[in-house]
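Structure file data_36.cif with mmCIF, C-alpha atoms and all ligand atoms:
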```cif
data_start
loop_
_atom_site.label_atom_id
_atom_site.label_comp_id
_atom_site.auth_asym_id
_atom_site.auth_seq_id
_atom_site.Cartn_x
_atom_site.Cartn_y
_atom_site.Cartn_z
CA MET Y 1 50.39 -33.01 -17.72
CA ALA Y 2 49.14 -31.31 -14.54
CA ALA Y 3 51.53 -28.41 -15.18
CA LEU Y 4 50.19 -28.05 -18.72
CA VAL Y 5 46.59 -27.92 -17.43
CA VAL Y 6 47.55 -25.28 -14.86
CA SER Y 7 49.29 -23.13 -17.45
CA LEU Y 8 46.36 -23.46 -19.86
CA ARG Y 9 44.08 -22.33 -17.05
CA ARG Y 10 46.32 -19.32 -16.48
CA VAL Y 11 46.11 -18.40 -20.15
CA ALA Y 12 42.32 -18.78 -20.03
CA ALA Y 13 42.12 -16.62 -16.90
CA ALA Y 14 44.28 -13.95 -18.50
CA CYS Y 15 42.02 -13.96 -21.58
CA VAL Y 16 38.96 -13.47 -19.36
CA LEU Y 17 40.65 -10.48 -17.70
CA VAL Y 18 41.52 -8.89 -21.05
CA LEU Y 19 37.97 -9.46 -22.25
CA ALA Y 20 36.58 -7.99 -19.03
CA ALA Y 21 38.73 -4.89 -19.44
CA ALA Y 22 37.59 -4.52 -23.05
CA LEU Y 23 33.93 -4.69 -22.08
CA GLY Y 24 34.40 -1.97 -19.46
CA ALA Y 25 32.28 -1.37 -16.37
CA ALA Y 26 29.54 -3.83 -17.28
CA ALA Y 27 31.97 -6.70 -17.02
CA GLN Y 28 32.51 -5.89 -13.35
CA LEU Y 29 29.05 -7.28 -12.69
CA SER Y 30 28.94 -10.94 -11.76
CA PRO Y 31 26.17 -13.40 -10.85
CA THR Y 32 28.15 -14.44 -7.74
CA PHE Y 33 28.77 -10.90 -6.43
CA TYR Y 34 26.88 -11.44 -3.14
CA ASP Y 35 27.55 -15.15 -2.66
CA GLY Y 36 29.90 -14.46 0.24
CA SER Y 37 28.33 -11.30 1.65
CA CYS Y 38 24.62 -12.17 1.41
CA PRO Y 39 24.12 -15.86 0.66
CA ASN Y 40 20.33 -15.75 1.18
CA LEU Y 41 19.74 -12.76 -1.09
CA GLN Y 42 18.23 -14.66 -4.00
CA SER Y 43 15.83 -16.67 -1.84
CA ILE Y 44 14.67 -13.51 0.01
CA VAL Y 45 13.91 -11.73 -3.27
CA ARG Y 46 12.25 -14.82 -4.70
CA SER Y 47 9.90 -15.27 -1.75
CA GLY Y 48 9.06 -11.56 -1.66
CA MET Y 49 8.14 -11.68 -5.33
CA ALA Y 50 6.27 -14.97 -4.96
CA ALA Y 51 4.08 -13.43 -2.23
CA ALA Y 52 3.46 -10.27 -4.28
CA VAL Y 53 2.60 -12.18 -7.47
CA GLN Y 54 0.34 -14.56 -5.58
CA GLN Y 55 -1.57 -11.58 -4.20
CA GLU Y 56 -1.74 -9.89 -7.60
CA PRO Y 57 -0.29 -11.59 -10.71
CA ARG Y 58 0.05 -8.26 -12.53
CA MET Y 59 2.78 -7.28 -10.05
CA GLY Y 60 5.25 -9.48 -11.97
CA ALA Y 61 4.66 -7.20 -14.96
CA SER Y 62 4.79 -3.99 -12.94
CA ILE Y 63 8.19 -4.83 -11.44
CA LEU Y 64 9.57 -5.81 -14.87
CA ARG Y 65 8.54 -2.41 -16.21
CA LEU Y 66 10.07 -0.68 -13.18
CA PHE Y 67 13.43 -2.27 -14.07
CA PHE Y 68 13.17 -1.08 -17.71
CA HIS Y 69 12.33 2.46 -16.58
CA ASP Y 70 15.30 2.38 -14.20
CA CYS Y 71 17.82 1.14 -16.77
CA PHE Y 72 16.84 3.60 -19.53
CA VAL Y 73 17.41 6.64 -17.29
CA GLN Y 74 21.05 7.10 -16.13
CA GLY Y 75 21.54 3.31 -16.32
CA CYS Y 76 20.40 0.61 -13.87
CA ASP Y 77 21.13 2.63 -10.73
CA ALA Y 78 17.79 2.66 -8.86
CA SER Y 79 17.26 6.33 -9.80
CA VAL Y 80 13.61 5.51 -10.51
CA LEU Y 81 13.05 4.54 -6.87
CA LEU Y 82 14.00 7.93 -5.39
CA ASP Y 83 11.11 9.97 -4.01
CA ASP Y 84 10.83 13.69 -4.61
CA SER Y 85 12.48 15.69 -1.83
CA PRO Y 86 13.56 19.31 -1.29
CA THR Y 87 16.84 18.45 -3.07
CA ILE Y 88 15.67 15.83 -5.60
CA THR Y 89 13.22 16.11 -8.46
CA GLY Y 90 12.55 12.41 -8.86
CA GLU Y 91 11.52 10.36 -11.87
CA LYS Y 92 8.27 9.05 -10.40
CA ASN Y 93 6.36 12.09 -11.65
CA ALA Y 94 7.87 12.12 -15.15
CA GLY Y 95 5.29 11.76 -17.94
CA PRO Y 96 5.91 8.05 -18.70
CA ASN Y 97 5.85 7.16 -14.98
CA ALA Y 98 3.18 9.29 -13.27
CA ASN Y 99 -0.05 7.43 -12.43
CA SER Y 100 1.40 4.45 -14.22
CA LEU Y 101 4.59 2.95 -12.75
CA ARG Y 102 3.86 0.72 -9.76
CA GLY Y 103 5.41 -1.79 -7.39
CA TYR Y 104 7.51 0.58 -5.26
CA GLU Y 105 6.08 -0.91 -2.03
CA VAL Y 106 7.03 -4.43 -3.12
CA ILE Y 107 10.66 -3.34 -3.58
CA ASP Y 108 10.58 -1.53 -0.19
CA SER Y 109 9.34 -4.66 1.52
CA ILE Y 110 11.97 -6.91 -0.10
CA LYS Y 111 14.66 -4.33 0.68
CA SER Y 112 13.77 -4.29 4.38
CA GLN Y 113 14.04 -8.08 4.53
CA VAL Y 114 17.39 -7.98 2.72
CA GLU Y 115 18.63 -5.26 5.12
CA ALA Y 116 17.64 -7.41 8.10
CA ALA Y 117 19.68 -10.34 6.73
CA CYS Y 118 22.66 -8.40 5.30
CA PRO Y 119 22.74 -4.77 6.49
CA GLY Y 120 24.27 -2.20 4.15
CA THR Y 121 25.32 -4.78 1.59
CA VAL Y 122 22.90 -5.12 -1.35
CA SER Y 123 21.96 -2.24 -3.66
CA CYS Y 124 18.37 -1.35 -4.55
CA ALA Y 125 19.45 -1.53 -8.21
CA ASP Y 126 20.41 -5.20 -7.82
CA ILE Y 127 17.26 -6.04 -5.83
CA LEU Y 128 15.22 -4.59 -8.70
CA ALA Y 129 17.18 -6.62 -11.29
CA LEU Y 130 16.55 -9.85 -9.35
CA ALA Y 131 12.90 -9.03 -8.67
CA ALA Y 132 12.27 -8.36 -12.39
CA ARG Y 133 13.76 -11.75 -13.30
CA ASP Y 134 11.66 -13.48 -10.65
CA GLY Y 135 8.47 -11.71 -11.77
CA VAL Y 136 8.99 -13.05 -15.30
CA ASN Y 137 9.74 -16.56 -14.07
CA LEU Y 138 6.81 -16.65 -11.62
CA LEU Y 139 4.48 -15.89 -14.56
CA SER Y 140 5.84 -18.96 -16.40
CA GLY Y 141 8.61 -17.13 -18.23
CA PRO Y 142 12.28 -18.09 -18.42
CA THR Y 143 14.85 -17.70 -15.67
CA TRP Y 144 18.51 -16.73 -15.90
CA ALA Y 145 21.55 -15.81 -13.80
CA VAL Y 146 21.28 -12.07 -13.05
CA GLN Y 147 24.48 -10.06 -13.22
CA LEU Y 148 25.03 -8.28 -9.87
CA GLY Y 149 27.26 -5.65 -8.29
CA ARG Y 150 25.44 -2.45 -9.28
CA ARG Y 151 25.44 0.42 -6.79
CA ASP Y 152 22.76 3.05 -6.17
CA THR Y 153 22.84 6.61 -7.47
CA ARG Y 154 22.44 9.66 -5.25
CA THR Y 155 20.68 11.55 -8.06
CA ALA Y 156 17.67 11.22 -10.35
CA SER Y 157 16.71 12.91 -13.60
CA GLN Y 158 13.10 13.71 -14.35
CA SER Y 159 14.13 15.35 -17.63
CA ALA Y 160 16.04 12.23 -18.75
CA ALA Y 161 13.00 10.12 -17.82
CA ASN Y 162 10.87 12.34 -20.05
CA SER Y 163 13.26 12.21 -22.98
CA ASN Y 164 14.78 8.69 -22.80
CA LEU Y 165 11.70 6.55 -22.19
CA PRO Y 166 9.91 5.74 -25.46
CA SER Y 167 6.33 6.93 -25.86
CA PRO Y 168 3.49 4.64 -27.00
CA SER Y 169 2.99 7.00 -29.95
CA SER Y 170 6.55 6.29 -31.20
CA SER Y 171 7.14 5.12 -34.74
CA ALA Y 172 9.14 1.96 -35.35
CA ALA Y 173 12.09 4.08 -36.48
CA ALA Y 174 11.94 6.12 -33.26
CA LEU Y 175 11.86 2.92 -31.19
CA VAL Y 176 14.88 1.51 -33.02
CA SER Y 177 16.78 4.73 -32.39
CA ALA Y 178 15.74 5.02 -28.70
CA PHE Y 179 17.08 1.51 -28.09
CA ALA Y 180 20.19 2.06 -30.22
CA SER Y 181 21.06 5.06 -28.04
CA LYS Y 182 21.22 2.61 -25.12
CA GLY Y 183 23.41 0.12 -27.01
CA LEU Y 184 20.48 -2.19 -27.82
CA ASP Y 185 19.89 -3.39 -31.39
CA SER Y 186 16.67 -4.14 -33.28
CA ARG Y 187 16.59 -7.72 -32.07
CA ASP Y 188 16.86 -6.50 -28.46
CA LEU Y 189 14.09 -3.97 -29.10
CA VAL Y 190 11.67 -6.58 -30.41
CA ALA Y 191 12.57 -9.19 -27.80
CA LEU Y 192 12.25 -6.70 -24.92
CA SER Y 193 8.94 -5.43 -26.30
CA GLY Y 194 7.76 -8.99 -25.71
CA ALA Y 195 7.55 -7.91 -22.04
CA HIS Y 196 4.12 -6.69 -23.16
CA THR Y 197 3.02 -10.34 -23.03
CA ILE Y 198 2.13 -9.53 -19.41
CA GLY Y 199 0.47 -6.59 -17.66
CA SER Y 200 -1.92 -3.84 -18.63
CA ALA Y 201 -2.13 -0.39 -20.15
CA ARG Y 202 -4.43 2.56 -19.43
CA CYS Y 203 -6.91 3.93 -21.91
CA ALA Y 204 -4.79 7.11 -21.99
CA SER Y 205 -1.97 5.02 -23.51
CA PHE Y 206 -4.01 3.23 -26.19
CA ARG Y 207 -6.77 5.76 -26.99
CA SER Y 208 -5.29 7.21 -30.14
CA HIS Y 209 -4.37 3.75 -31.51
CA VAL Y 210 -7.87 2.34 -31.13
CA TYR Y 211 -9.62 5.49 -32.42
CA ASN Y 212 -7.28 6.84 -35.07
CA ASP Y 213 -5.01 4.13 -36.47
CA SER Y 214 -6.04 1.92 -39.37
CA ASN Y 215 -3.58 -0.92 -38.72
CA ILE Y 216 -5.78 -2.47 -36.03
CA ASN Y 217 -8.33 -5.29 -36.19
CA ALA Y 218 -11.72 -3.56 -36.41
CA GLY Y 219 -13.52 -5.80 -33.94
CA PHE Y 220 -10.68 -5.44 -31.45
CA ALA Y 221 -10.69 -1.64 -31.78
CA ALA Y 222 -14.47 -1.56 -31.24
CA LYS Y 223 -14.12 -3.65 -28.10
CA ARG Y 224 -11.40 -1.45 -26.60
CA LYS Y 225 -13.41 1.72 -27.41
CA GLN Y 226 -16.13 0.41 -25.09
CA ILE Y 227 -13.92 1.02 -22.07
CA CYS Y 228 -12.04 4.04 -23.44
CA GLN Y 229 -13.90 7.23 -24.31
CA PRO Y 230 -12.57 9.29 -27.25
CA GLN Y 231 -11.89 12.37 -25.13
CA SER Y 232 -9.53 12.36 -22.17
CA GLY Y 233 -11.32 12.40 -18.83
CA GLY Y 234 -12.89 9.85 -16.55
CA SER Y 235 -11.95 6.80 -18.59
CA ASP Y 236 -8.22 7.63 -18.80
CA GLY Y 237 -7.27 5.11 -16.13
CA ASN Y 238 -9.36 2.20 -17.42
CA LEU Y 239 -7.17 -0.83 -18.00
CA ALA Y 240 -6.87 -3.38 -20.79
CA PRO Y 241 -4.40 -6.28 -21.02
CA LEU Y 242 -1.41 -5.75 -23.31
CA ASP Y 243 -1.75 -9.41 -24.38
CA ALA Y 244 -5.43 -10.32 -24.24
CA LEU Y 245 -4.63 -13.93 -25.22
CA SER Y 246 -2.84 -14.61 -21.91
CA PRO Y 247 -2.42 -11.46 -19.77
CA VAL Y 248 -0.63 -13.05 -16.82
CA LYS Y 249 1.35 -15.70 -18.68
CA PHE Y 250 4.80 -14.88 -20.04
CA ASP Y 251 4.67 -16.48 -23.49
CA ASN Y 252 4.84 -15.34 -27.14
CA GLY Y 253 1.13 -14.38 -27.25
CA TYR Y 254 2.12 -10.72 -27.61
CA PHE Y 255 3.77 -11.42 -30.98
CA ARG Y 256 0.89 -13.55 -32.21
CA ASN Y 257 -1.35 -10.57 -31.43
CA VAL Y 258 0.88 -8.08 -33.18
CA VAL Y 259 1.10 -10.05 -36.45
CA ALA Y 260 -2.73 -10.28 -36.41
CA GLN Y 261 -3.14 -6.51 -35.76
CA PHE Y 262 -4.26 -7.02 -32.16
CA GLY Y 263 -1.46 -4.85 -30.76
CA LEU Y 264 -2.88 -2.60 -28.01
CA LEU Y 265 -0.41 0.28 -28.25
CA HIS Y 266 0.52 2.16 -31.40
CA SER Y 267 4.17 1.32 -30.57
CA ASP Y 268 3.34 -2.40 -30.32
CA GLN Y 269 1.72 -2.46 -33.74
CA GLU Y 270 4.71 -0.57 -35.21
CA LEU Y 271 6.74 -3.78 -34.79
CA PHE Y 272 4.91 -5.43 -37.67
CA GLY Y 273 4.10 -3.93 -41.03
CA ALA Y 274 5.44 -0.44 -40.42
CA GLY Y 275 8.60 -0.92 -42.40
CA ALA Y 276 11.48 -0.44 -39.96
CA GLY Y 277 13.09 -3.75 -40.83
CA VAL Y 278 11.82 -5.52 -37.72
CA ASP Y 279 8.87 -7.43 -39.21
CA SER Y 280 10.83 -10.63 -39.72
CA ILE Y 281 11.94 -10.68 -36.07
CA THR Y 282 8.36 -10.15 -34.84
CA ALA Y 283 7.12 -12.90 -37.17
CA GLN Y 284 9.84 -15.26 -35.97
CA TYR Y 285 8.90 -14.75 -32.31
CA ALA Y 286 5.21 -15.24 -33.14
CA ARG Y 287 6.07 -18.62 -34.69
CA ASN Y 288 8.67 -19.73 -32.20
CA GLY Y 289 8.25 -19.07 -28.49
CA ALA Y 290 11.56 -20.75 -27.61
CA VAL Y 291 13.54 -18.34 -29.79
CA PHE Y 292 11.70 -15.41 -28.21
CA SER Y 293 12.43 -16.72 -24.73
CA ARG Y 294 16.14 -17.18 -25.49
CA ASP Y 295 16.49 -13.72 -27.08
CA PHE Y 296 14.52 -12.07 -24.27
CA VAL Y 297 17.00 -13.41 -21.70
CA THR Y 298 19.96 -12.18 -23.78
CA ALA Y 299 18.38 -8.75 -24.15
CA MET Y 300 17.46 -8.48 -20.44
CA ILE Y 301 21.09 -9.14 -19.52
CA LYS Y 302 22.20 -6.48 -22.03
CA MET Y 303 19.66 -3.98 -20.69
CA GLY Y 304 20.82 -4.77 -17.15
CA ASN Y 305 24.36 -3.82 -18.16
CA ILE Y 306 23.46 -0.24 -19.12
CA SER Y 307 25.86 2.11 -17.28
CA PRO Y 308 25.97 0.47 -13.86
CA LEU Y 309 27.66 2.29 -10.98
CA THR Y 310 30.36 -0.02 -9.60
CA GLY Y 311 33.39 0.01 -7.34
CA ALA Y 312 33.58 3.25 -5.35
CA ASN Y 313 30.83 4.97 -7.37
CA GLY Y 314 27.36 5.46 -5.90
CA GLU Y 315 26.34 3.88 -2.61
CA ILE Y 316 24.34 1.07 -1.04
CA ARG Y 317 21.16 2.86 -0.03
CA GLY Y 318 19.56 1.93 3.28
CA ASN Y 319 16.13 2.98 2.05
CA CYS Y 320 15.40 2.68 -1.67
CA ARG Y 321 13.39 5.93 -1.62
CA LYS Y 322 16.22 8.25 -0.53
CA PRO Y 323 19.99 8.63 -0.67
CA ASN Y 324 21.84 7.85 2.58
C1 LIG Y 401 9.51 -0.44 -26.91
C2 LIG Y 401 9.14 0.62 -26.26
C3 LIG Y 401 8.11 0.61 -25.16
C4 LIG Y 401 7.04 1.45 -25.06
C5 LIG Y 401 6.68 2.58 -25.98
C6 LIG Y 401 6.32 1.03 -23.88
C7 LIG Y 401 5.18 1.65 -23.42
C8 LIG Y 401 4.37 1.16 -22.42
C9 LIG Y 401 3.12 1.74 -22.02
C10 LIG Y 401 2.53 3.02 -22.58
C11 LIG Y 401 2.59 0.94 -21.07
C12 LIG Y 401 1.25 1.15 -20.35
C13 LIG Y 401 1.42 2.16 -19.25
C14 LIG Y 401 0.11 2.67 -18.71
O1 LIG Y 401 -0.82 2.87 -19.49
O2 LIG Y 401 0.02 2.91 -17.48
C15 LIG Y 401 3.50 -0.14 -20.85
C16 LIG Y 401 3.30 -1.17 -19.96
C17 LIG Y 401 4.25 -2.14 -19.70
N1 LIG Y 401 5.53 -2.19 -20.21
FE1 LIG Y 401 6.23 -1.15 -21.77
N2 LIG Y 401 6.95 -0.03 -23.32
C18 LIG Y 401 8.05 -0.32 -24.05
C19 LIG Y 401 8.99 -1.30 -23.77
C20 LIG Y 401 8.98 -2.08 -22.66
C21 LIG Y 401 10.09 -2.88 -22.19
C22 LIG Y 401 11.47 -2.92 -22.85
C23 LIG Y 401 9.66 -3.53 -21.07
C24 LIG Y 401 10.42 -4.47 -20.17
C25 LIG Y 401 11.45 -5.19 -20.57
C26 LIG Y 401 8.29 -3.14 -20.85
C27 LIG Y 401 7.47 -3.66 -19.89
C28 LIG Y 401 6.15 -3.28 -19.69
C29 LIG Y 401 5.23 -3.99 -18.83
C30 LIG Y 401 5.52 -5.31 -18.14
C31 LIG Y 401 4.04 -3.26 -18.82
C32 LIG Y 401 2.77 -3.57 -18.00
C33 LIG Y 401 2.99 -2.97 -16.61
C34 LIG Y 401 1.85 -3.18 -15.62
O3 LIG Y 401 0.88 -3.87 -15.90
O4 LIG Y 401 1.97 -2.60 -14.51
N3 LIG Y 401 7.92 -2.24 -21.80
N4 LIG Y 401 4.59 0.02 -21.67
C1 LIG Y 402 -7.66 11.54 -33.80
O1 LIG Y 402 -7.06 12.45 -34.72
C2 LIG Y 402 -7.69 13.72 -34.78
C3 LIG Y 402 -7.04 14.49 -35.91
O2 LIG Y 402 -5.65 14.51 -35.74
C4 LIG Y 402 -7.56 14.39 -33.42
O3 LIG Y 402 -8.18 15.65 -33.43
C5 LIG Y 402 -8.21 13.52 -32.37
O4 LIG Y 402 -7.99 14.08 -31.09
C6 LIG Y 402 -7.64 12.12 -32.40
N1 LIG Y 402 -8.41 11.26 -31.51
C7 LIG Y 402 -7.86 10.50 -30.58
C8 LIG Y 402 -8.78 9.71 -29.73
O5 LIG Y 402 -6.65 10.44 -30.42
#
```

Would you encode the structure as structure tokens?
Amino acid sequence: MAALVVSLRRVAAACVLVLAAALGAAAQLSPTFYDGSCPNLQSIVRSGMAAAVQQEPRMGASILRLFFHDCFVQGCDASVLLDDSPTITGEKNAGPNANSLRGYEVIDSIKSQVEAACPGTVSCADILALAARDGVNLLSGPTWAVQLGRRDTRTASQSAANSNLPSPSSSAAALVSAFASKGLDSRDLVALSGAHTIGSARCASFRSHVYNDSNINAGFAAKRKQICQPQSGGSDGNLAPLDALSPVKFDNGYFRNVVAQFGLLHSDQELFGAGAGVDSITAQYARNGAVFSRDFVTAMIKMGNISPLTGANGEIRGNCRKPN
């Protein structure tokens, strides 16, 4: 009997290996990657994020967005964290990121604590993946086991940041295709867009939707116009919550807004009523927060698997802002 159990285990282990090989590089990631080499990693990241979110709840949202903008450009390789230098044109000044992406100092601070505990061991890409998960969970969202083992790139691509990150003026069809090009399907697109249940956008990002689109609640548009002048200028940086129902709570309020035409961005409102075959998914998440939460976790893990550097590729940066 014992021999049979052992041989069944061997067969199961062999199947896992075959499956891992079939899935390619992404399958090299594992939630236990640092268990031996940096056992306190997860608690260091968690307390760093807890302090940051306590000081400013929006930071949970900002770090989540930082992870998205990392993964969509060359994969989840911490390219977004590299500063401009004489040899690097970084991504921080790309159109979708400039005057908008934030939270770099929070990652620096967590990284320095991780380096003190486990020097030269944990990548900036993995710290960002863990911090994004913790930001969501600290704002009452779900938690999950983060896949780990990514390494950091030595290069960045401002041009890829400009072309791969979707714009708020995108149509539903353009959003579906931007996500498909990263191996993410329509369900992933809608679930991940639910990240807009937390955080804020600048007037510059929602101006044309509130002034020029007709698929927006009239009273809501009038209210947003009060803080956002029709011409670009001094009001460009004025902020409004992406989910006015509950801006610092990770729930399905975003979808309830979108089905009622209270989406803040043109791209948000495209997820309902614009005819790209995603309406039923948006409506389902608006009705059922548990389904949204489950699908969001699945899609975050998929997004986190986009083209990681593993094995001998890339490096473990000492400072997230520059290659070693
Ligand atoms: C579907 C395509 C998407 C578009 C077009 C889009 C666009 C935007 C824009 C324009 C802003 C406001 C930026 C500003 O005005 O400074 C924003 C904010 C945000 N986005 Fe997205 N986004 C998309 C998907 C995602 C995804 C997949 C995530 C994460 C999984 C995400 C997370 C966030 C968060 C959390 C914020 C608020 C950040 C803060 O308050 O600092 N977005 N997004
Ligand atoms: C609205 O559309 C008109 C015509 O395309 C354009 O000239 C104007 O700049 C737009 N306004 C905003 C606030 O986007």

Counting only C-alpha atoms, what is within 6 Å of Pro308 of chain Y, bar same-chain residues fewer than 4 positions away, as a ChimeraX atom specification? /Y:75-76,150

Top pick for closest residue to ligand LIG 401 (chain Y), considering Y:Ala172, Y:Ala201, Y:Ala244, Y:Ala131 and counting all atoms listed in the file: Y:Ala201

Kindly provide, as a ChimeraX atom specification, all nucleotide and amino acid residues lying within 8 Å of ligand LIG 401 (chain Y), counting all atoms listed in the file. /Y:58-69,96-97,99-103,165-170,175,179,189-190,192-206,237,239,241-242,265,267-268,300

I need the chosen residues saved as an mmCIF file, in the frame of the given file, with C-alpha atoms.
```cif
data_model
loop_
_atom_site.group_PDB
_atom_site.id
_atom_site.type_symbol
_atom_site.label_atom_id
_atom_site.label_comp_id
_atom_site.auth_asym_id
_atom_site.auth_seq_id
_atom_site.Cartn_x
_atom_site.Cartn_y
_atom_site.Cartn_z
ATOM 1 C CA ARG Y 58 0.050 -8.260 -12.530
ATOM 2 C CA MET Y 59 2.780 -7.280 -10.050
ATOM 3 C CA GLY Y 60 5.250 -9.480 -11.970
ATOM 4 C CA ALA Y 61 4.660 -7.200 -14.960
ATOM 5 C CA SER Y 62 4.790 -3.990 -12.940
ATOM 6 C CA ILE Y 63 8.190 -4.830 -11.440
ATOM 7 C CA LEU Y 64 9.570 -5.810 -14.870
ATOM 8 C CA ARG Y 65 8.540 -2.410 -16.210
ATOM 9 C CA LEU Y 66 10.070 -0.680 -13.180
ATOM 10 C CA PHE Y 67 13.430 -2.270 -14.070
ATOM 11 C CA PHE Y 68 13.170 -1.080 -17.710
ATOM 12 C CA HIS Y 69 12.330 2.460 -16.580
ATOM 13 C CA PRO Y 96 5.910 8.050 -18.700
ATOM 14 C CA ASN Y 97 5.850 7.160 -14.980
ATOM 15 C CA ASN Y 99 -0.050 7.430 -12.430
ATOM 16 C CA SER Y 100 1.400 4.450 -14.220
ATOM 17 C CA LEU Y 101 4.590 2.950 -12.750
ATOM 18 C CA ARG Y 102 3.860 0.720 -9.760
ATOM 19 C CA GLY Y 103 5.410 -1.790 -7.390
ATOM 20 C CA LEU Y 165 11.700 6.550 -22.190
ATOM 21 C CA PRO Y 166 9.910 5.740 -25.460
ATOM 22 C CA SER Y 167 6.330 6.930 -25.860
ATOM 23 C CA PRO Y 168 3.490 4.640 -27.000
ATOM 24 C CA SER Y 169 2.990 7.000 -29.950
ATOM 25 C CA SER Y 170 6.550 6.290 -31.200
ATOM 26 C CA LEU Y 175 11.860 2.920 -31.190
ATOM 27 C CA PHE Y 179 17.080 1.510 -28.090
ATOM 28 C CA LEU Y 189 14.090 -3.970 -29.100
ATOM 29 C CA VAL Y 190 11.670 -6.580 -30.410
ATOM 30 C CA LEU Y 192 12.250 -6.700 -24.920
ATOM 31 C CA SER Y 193 8.940 -5.430 -26.300
ATOM 32 C CA GLY Y 194 7.760 -8.990 -25.710
ATOM 33 C CA ALA Y 195 7.550 -7.910 -22.040
ATOM 34 C CA HIS Y 196 4.120 -6.690 -23.160
ATOM 35 C CA THR Y 197 3.020 -10.340 -23.030
ATOM 36 C CA ILE Y 198 2.130 -9.530 -19.410
ATOM 37 C CA GLY Y 199 0.470 -6.590 -17.660
ATOM 38 C CA SER Y 200 -1.920 -3.840 -18.630
ATOM 39 C CA ALA Y 201 -2.130 -0.390 -20.150
ATOM 40 C CA ARG Y 202 -4.430 2.560 -19.430
ATOM 41 C CA CYS Y 203 -6.910 3.930 -21.910
ATOM 42 C CA ALA Y 204 -4.790 7.110 -21.990
ATOM 43 C CA SER Y 205 -1.970 5.020 -23.510
ATOM 44 C CA PHE Y 206 -4.010 3.230 -26.190
ATOM 45 C CA GLY Y 237 -7.270 5.110 -16.130
ATOM 46 C CA LEU Y 239 -7.170 -0.830 -18.000
ATOM 47 C CA PRO Y 241 -4.400 -6.280 -21.020
ATOM 48 C CA LEU Y 242 -1.410 -5.750 -23.310
ATOM 49 C CA LEU Y 265 -0.410 0.280 -28.250
ATOM 50 C CA SER Y 267 4.170 1.320 -30.570
ATOM 51 C CA ASP Y 268 3.340 -2.400 -30.320
ATOM 52 C CA MET Y 300 17.460 -8.480 -20.440
#
```

Residues within 7 Å of ligand LIG 402 (chain Y) should be enumerated using all atoms listed in the file and returned as a VMD selection string. chain Y and resid 207 to 208 211 to 212 230 to 231

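We find atom CA of Ile88 of chain Y and atom CA of Thr121 of chain Y to be spaced 23.9 Å apart.
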
Using all atoms listed in the file, can you list as a list in words the residues within 8 Å of (16.9, 7.7, -5.8)?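 Neighbouring residues, ordered by chain and number, come to Ala78, Ser79, Val80, Leu81, Leu82, Asp83, Gly90, Asp152, Thr153, Arg154, Thr155, Ala156, Cys320, Arg321, Lys322 and Pro323 of chain Y.
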
Kindly save the residues from that selection, with C-alpha atoms included, as a PDB file, in the frame of the given file.
```
ATOM      1  CA  ALA Y  78      17.790   2.660  -8.860  1.00  0.00           C
ATOM      2  CA  SER Y  79      17.260   6.330  -9.800  1.00  0.00           C
ATOM      3  CA  VAL Y  80      13.610   5.510 -10.510  1.00  0.00           C
ATOM      4  CA  LEU Y  81      13.050   4.540  -6.870  1.00  0.00           C
ATOM      5  CA  LEU Y  82      14.000   7.930  -5.390  1.00  0.00           C
ATOM      6  CA  ASP Y  83      11.110   9.970  -4.010  1.00  0.00           C
ATOM      7  CA  GLY Y  90      12.550  12.410  -8.860  1.00  0.00           C
ATOM      8  CA  ASP Y 152      22.760   3.050  -6.170  1.00  0.00           C
ATOM      9  CA  THR Y 153      22.840   6.610  -7.470  1.00  0.00           C
ATOM     10  CA  ARG Y 154      22.440   9.660  -5.250  1.00  0.00           C
ATOM     11  CA  THR Y 155      20.680  11.550  -8.060  1.00  0.00           C
ATOM     12  CA  ALA Y 156      17.670  11.220 -10.350  1.00  0.00           C
ATOM     13  CA  CYS Y 320      15.400   2.680  -1.670  1.00  0.00           C
ATOM     14  CA  ARG Y 321      13.390   5.930  -1.620  1.00  0.00           C
ATOM     15  CA  LYS Y 322      16.220   8.250  -0.530  1.00  0.00           C
ATOM     16  CA  PRO Y 323      19.990   8.630  -0.670  1.00  0.00           C
TER      17      PRO Y 323
END
```

Is it possible to get the axis-aligned box enclosing segment 249-267 of chain Y (all listed atoms, 4 Å extra per side) as JSON, with centre and edge lengths in Å rounded to one decimal?
```
{"center_x": 0.3, "center_y": -7.2, "center_z": -27.6, "size_x": 17.1, "size_y": 26.6, "size_z": 25.8}
```

Expressed in Å, the length from atom CA of Glu115 of chain Y to atom CA of Asn40 of chain Y is 11.3 Å

Which residue, Y:Asn252, Y:Gln284, Y:Gln28, Y:Asn137, has the smallest gap to Phe272 of chain Y when you use all atoms listed in the file?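 When distances to Phe272 of chain Y are compared using all atoms listed in the file, the smallest one comes from Y:Gln284.
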
Figure out the distance between atom CA of Asp134 of chain Y and atom CA of Ala290 of chain Y, please, to one decimal in Å.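 Computed distance, atom CA of Ala290 of chain Y to atom CA of Asp134 of chain Y, equals 18.5 Å.
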
Tell me which protein, DNA and RNA residues are within 10 Å of Ala160 of chain Y, counting only C-alpha atoms, leaving out same-chain ones fewer than 2 positions away, and put them as number ranges by chain. Y: 72-74, 91, 94, 156-158, 162-165

List as a CSV table (one decimal) with C-alpha atoms, keeping the file's coordinate frame the protein and nucleic acid residues near Asp251 of chain Y, meaning an atom at most 9 Å away when only C-alpha atoms are counted, but skip any in the same chain fewer than 4 places from it.
```csv
chain,number,residue,atom,x,y,z
Y,139,LEU,CA,4.5,-15.9,-14.6
Y,140,SER,CA,5.8,-19.0,-16.4
Y,141,GLY,CA,8.6,-17.1,-18.2
Y,194,GLY,CA,7.8,-9.0,-25.7
Y,197,THR,CA,3.0,-10.3,-23.0
Y,198,ILE,CA,2.1,-9.5,-19.4
Y,246,SER,CA,-2.8,-14.6,-21.9
Y,289,GLY,CA,8.2,-19.1,-28.5
Y,292,PHE,CA,11.7,-15.4,-28.2
Y,293,SER,CA,12.4,-16.7,-24.7
```
